[in-house]
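*Asks:* Structure: run_34.cif, mmCIF, C-alpha atoms.
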data_query
#
loop_
_atom_site.label_atom_id
_atom_site.label_comp_id
_atom_site.auth_asym_id
_atom_site.auth_seq_id
_atom_site.Cartn_x
_atom_site.Cartn_y
_atom_site.Cartn_z
CA MET F 176 14.36 -64.42 18.41
CA SER F 177 13.44 -65.64 15.00
CA LYS F 178 14.73 -64.14 11.81
CA ARG F 179 11.21 -63.02 10.86
CA VAL F 180 10.78 -60.98 14.09
CA ILE F 181 14.13 -59.25 13.54
CA ILE F 182 13.21 -58.34 9.95
CA ILE F 183 9.78 -57.01 10.99
CA ALA F 184 11.35 -54.97 13.79
CA ALA F 185 13.95 -53.52 11.39
CA VAL F 186 11.23 -52.57 8.88
CA VAL F 187 9.12 -50.93 11.61
CA VAL F 188 12.13 -48.93 12.86
CA ALA F 189 13.04 -47.87 9.29
CA VAL F 190 9.46 -46.75 8.58
CA ALA F 191 9.31 -44.83 11.87
CA ILE F 192 12.59 -43.04 11.13
CA GLY F 193 11.44 -42.26 7.58
CA LEU F 194 8.14 -40.85 8.82
CA PHE F 195 9.95 -38.76 11.43
CA PHE F 196 12.08 -37.04 8.79
CA TRP F 197 9.31 -36.82 6.20
CA LEU F 198 6.87 -35.18 8.64
CA GLN F 199 9.36 -32.57 9.90
CA PRO F 200 8.14 -29.03 9.24
CA ALA F 201 9.93 -27.25 6.42
CA THR F 202 12.50 -24.79 7.70
CA ARG F 203 12.22 -21.15 6.72
CA PHE F 204 15.23 -18.95 7.25
CA VAL F 205 15.73 -15.21 7.43
CA TYR F 206 17.76 -13.83 4.56
CA ALA F 207 17.10 -10.15 5.21
CA LEU F 208 15.98 -7.89 8.02
CA SER F 209 15.09 -4.24 7.61
CA PRO F 210 14.13 -1.96 10.51
CA VAL F 211 11.13 0.17 9.53
CA ALA F 212 10.41 1.85 12.87
CA PRO F 213 12.09 2.09 16.28
CA ASP F 214 10.16 -0.99 17.45
CA GLU F 215 9.41 -2.84 14.17
CA ALA F 216 11.28 -4.59 11.41
CA VAL F 217 10.41 -6.46 8.24
CA LEU F 218 11.87 -9.96 8.03
CA LEU F 219 12.26 -11.54 4.63
CA THR F 220 12.24 -15.31 4.88
CA ARG F 221 12.45 -18.14 2.42
CA ARG F 222 12.12 -21.89 2.23
CA ASN F 223 13.96 -23.94 -0.36
CA GLU F 224 12.42 -27.13 -1.66
CA ASP F 225 13.55 -29.50 -4.38
CA ASP F 226 11.32 -27.95 -7.02
CA ALA F 227 10.89 -24.32 -5.88
CA THR F 228 11.79 -21.56 -3.44
CA TYR F 229 9.06 -19.79 -1.46
CA PHE F 230 9.27 -16.28 0.02
CA TRP F 231 7.53 -14.44 2.89
CA ALA F 232 7.52 -10.93 4.31
CA GLN F 233 6.79 -10.56 8.01
CA LEU F 234 6.31 -7.46 10.15
CA VAL F 235 7.84 -8.19 13.56
CA GLN F 236 7.82 -6.09 16.72
CA SER F 237 10.93 -5.61 18.86
CA ASP F 238 9.63 -8.12 21.44
CA GLY F 239 9.49 -10.83 18.74
CA THR F 240 5.73 -10.68 18.16
CA VAL F 241 4.84 -11.30 14.51
CA ARG F 242 2.14 -8.78 13.54
CA TRP F 243 1.61 -10.42 10.16
CA SER F 244 3.25 -12.83 7.77
CA THR F 245 2.38 -13.05 4.09
CA GLU F 246 3.74 -15.23 1.32
CA VAL F 247 4.99 -13.19 -1.62
CA SER F 248 6.21 -16.06 -3.85
CA PRO F 249 7.45 -16.10 -6.57
CA PHE F 250 8.49 -12.55 -5.76
CA ASP F 251 12.15 -12.48 -4.63
CA THR F 252 13.18 -9.30 -2.82
CA VAL F 253 16.47 -7.85 -3.98
CA GLU F 254 18.98 -7.89 -1.12
CA ALA F 255 22.70 -7.14 -1.04
CA LEU F 256 25.22 -6.42 1.68
CA GLY F 257 24.56 -2.89 2.90
CA PHE F 258 21.47 -2.43 0.73
CA THR F 259 17.87 -3.52 1.10
CA GLY F 260 14.80 -3.78 -1.09
CA VAL F 261 12.50 -2.86 1.82
CA ALA F 262 11.04 0.53 2.78
CA ALA F 263 8.01 1.58 4.80
CA THR F 264 5.65 4.46 5.45
CA ALA F 265 2.99 4.69 8.15
CA GLU F 266 0.53 2.80 5.91
CA ARG F 267 2.61 0.61 3.59
CA VAL F 268 5.61 -1.71 3.41
CA PHE F 269 7.29 -1.60 0.00
CA LEU F 270 9.33 -4.47 -1.41
CA LEU F 271 11.61 -4.07 -4.42
CA GLY F 272 12.38 -7.36 -6.11
CA GLU F 273 12.07 -9.63 -9.10
CA VAL F 274 9.63 -12.06 -10.66
CA ASP F 275 11.06 -14.06 -13.56
CA ASP F 276 14.04 -11.65 -13.84
CA ALA F 277 11.72 -8.63 -14.23
CA LEU F 278 11.88 -5.80 -11.68
CA GLU F 279 8.73 -5.41 -9.60
CA VAL F 280 7.59 -3.34 -6.62
CA ARG F 281 5.05 -4.68 -4.14
CA ALA F 282 3.18 -2.50 -1.66
CA LEU F 283 1.76 -4.31 1.37
CA SER F 284 -0.55 -2.89 4.01
CA ARG F 285 1.45 -2.18 7.14
CA ALA F 286 -1.59 -3.08 9.23
CA ASP F 287 -2.16 -6.64 7.95
CA GLY F 288 0.22 -7.44 5.06
CA GLU F 289 -2.47 -7.45 2.36
#
Would it be possible to restate this file's structure as structure tokens?

*Replies:*
Amino acid sequence: MSKRVIIIAAVVVAVAIGLFFWLQPATRFVYALSPVAPDEAVLLTRRNEDDATYFWAQLVQSDGTVRWSTEVSPFDTVEALGFTGVAATAERVFLLGEVDDALEVRALSRADGE
């Protein structure tokens, strides 16, 4: 094999590996879970990127079905061990959190997350 073929093959492999990692979906992780009914819970998820952190609230049924998922960024729900910033009624899901270090309450429709 010539030196040129080896170099081209190495470049193609490097580009393929780079594209594989670059095209991977961004990972969101659960940082809080709050049961709001016997068969439903609100998951608070986030995704960290180099320049920002993004937040979502999701209403999930006990079988794992996601009823709705809505991005609430830059709103960051206040969570601490043993305490939660999530409450719900029959019509609304309430989130207690912060935007730019200021306390804020968000009320989302329990039906669709609006």

*Asks:* Give the answer as one residue: which of F:Glu273, F:Asp214, F:Asp287, F:Glu279 has the shortest atom-to-atom distance to Ser237 of chain F, using all atoms listed in the file?

*Replies:* F:Asp214

*Asks:* Can you spell out as a PyMOL selection string the set of residues that the PyMOL selection byres ((chain F and resi 242) around 9) selects in the structure I just provided?

*Replies:* chain F and resi 233-236+240-241+243-244+286-288

*Asks:* With the file shown as input, list the residues that the PyMOL selection byres ((chain F and resi 206) around 7) selects, as a list of chain:residue names.

*Replies:*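 When the PyMOL selection byres ((chain F and resi 206) around 7) is applied, the selected residues are F:Phe204, F:Val205, F:Ala207, F:Leu219, F:Thr220.
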
*Asks:* Spell out the residues picked by the PyMOL selection byres ((chain F and resi 256-265) around 9) here, as a count of residues only.

*Replies:* 19

*Asks:* If we count all atoms listed in the file, what is near Glu289 of chain F at a cut-off of 8 Å, once residues fewer than 4 positions away on the same chain are taken out, given as a VMD selection string?

*Replies:* chain F and resid 245 283 to 284

*Asks:* What separation in Å, quoted to one decimal, exists between atom CA of Ala277 of chain F and atom CA of Thr202 of chain F?

*Replies:*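 Computing the Euclidean distance for atom CA of Ala277 of chain F and atom CA of Thr202 of chain F yields 27.3 Å.
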
*Asks:* Could you check how far atom CA of Val274 of chain F sits from atom CA of Arg221 of chain F, in Å to one decimal?

*Replies:* 14.7 Å

*Asks:* Output as a tab-separated table (two decimals), keeping the file's coordinate frame: segment 247-270 of chain F, completed with N, CA and C atoms.

*Replies:*
chain	number	residue	atom	x	y	z
F	247	VAL	N	4.89	-14.06	-0.45
F	247	VAL	CA	4.99	-13.19	-1.62
F	247	VAL	C	5.56	-13.93	-2.84
F	248	SER	N	5.67	-15.25	-2.75
F	248	SER	CA	6.21	-16.06	-3.85
F	248	SER	C	5.42	-15.83	-5.12
F	249	PRO	N	6.05	-15.83	-6.27
F	249	PRO	CA	7.45	-16.10	-6.57
F	249	PRO	C	8.32	-14.85	-6.49
F	250	PHE	N	7.78	-13.81	-5.91
F	250	PHE	CA	8.49	-12.55	-5.76
F	250	PHE	C	9.71	-12.73	-4.87
F	251	ASP	N	10.89	-12.36	-5.36
F	251	ASP	CA	12.15	-12.48	-4.63
F	251	ASP	C	12.69	-11.07	-4.40
F	252	THR	N	12.73	-10.65	-3.14
F	252	THR	CA	13.18	-9.30	-2.82
F	252	THR	C	14.68	-9.18	-3.03
F	253	VAL	N	15.06	-8.10	-3.69
F	253	VAL	CA	16.47	-7.85	-3.98
F	253	VAL	C	17.18	-7.44	-2.70
F	254	GLU	N	18.21	-8.19	-2.33
F	254	GLU	CA	18.98	-7.89	-1.12
F	254	GLU	C	20.46	-8.00	-1.44
F	255	ALA	N	21.25	-7.10	-0.88
F	255	ALA	CA	22.70	-7.14	-1.04
F	255	ALA	C	23.32	-6.53	0.21
F	256	LEU	N	24.54	-6.90	0.49
F	256	LEU	CA	25.22	-6.42	1.68
F	256	LEU	C	25.22	-4.89	1.71
F	257	GLY	N	24.62	-4.34	2.75
F	257	GLY	CA	24.56	-2.89	2.90
F	257	GLY	C	23.40	-2.23	2.21
F	258	PHE	N	22.62	-2.98	1.45
F	258	PHE	CA	21.47	-2.43	0.73
F	258	PHE	C	20.26	-3.31	0.98
F	259	THR	N	19.08	-2.74	0.90
F	259	THR	CA	17.87	-3.52	1.10
F	259	THR	C	16.80	-3.11	0.10
F	260	GLY	N	15.93	-4.04	-0.21
F	260	GLY	CA	14.80	-3.78	-1.09
F	260	GLY	C	13.53	-3.56	-0.30
F	261	VAL	N	13.65	-3.06	0.96
F	261	VAL	CA	12.50	-2.86	1.82
F	261	VAL	C	12.46	-1.41	2.28
F	262	ALA	N	11.27	-0.81	2.23
F	262	ALA	CA	11.04	0.53	2.78
F	262	ALA	C	9.62	0.55	3.34
F	263	ALA	N	9.34	1.52	4.20
F	263	ALA	CA	8.01	1.58	4.80
F	263	ALA	C	7.58	3.02	5.06
F	264	THR	N	6.28	3.22	5.00
F	264	THR	CA	5.65	4.46	5.45
F	264	THR	C	4.71	4.07	6.59
F	265	ALA	N	3.93	5.00	7.08
F	265	ALA	CA	2.99	4.69	8.15
F	265	ALA	C	1.92	3.69	7.71
F	266	GLU	N	1.60	3.67	6.40
F	266	GLU	CA	0.53	2.80	5.91
F	266	GLU	C	0.99	1.60	5.11
F	267	ARG	N	2.18	1.65	4.51
F	267	ARG	CA	2.61	0.61	3.59
F	267	ARG	C	4.02	0.11	3.86
F	268	VAL	N	4.27	-1.14	3.47
F	268	VAL	CA	5.61	-1.71	3.41
F	268	VAL	C	5.87	-1.98	1.93
F	269	PHE	N	6.96	-1.45	1.41
F	269	PHE	CA	7.29	-1.60	0.00
F	269	PHE	C	8.44	-2.59	-0.15
F	270	LEU	N	8.30	-3.49	-1.11
F	270	LEU	CA	9.33	-4.47	-1.41
F	270	LEU	C	9.77	-4.29	-2.86
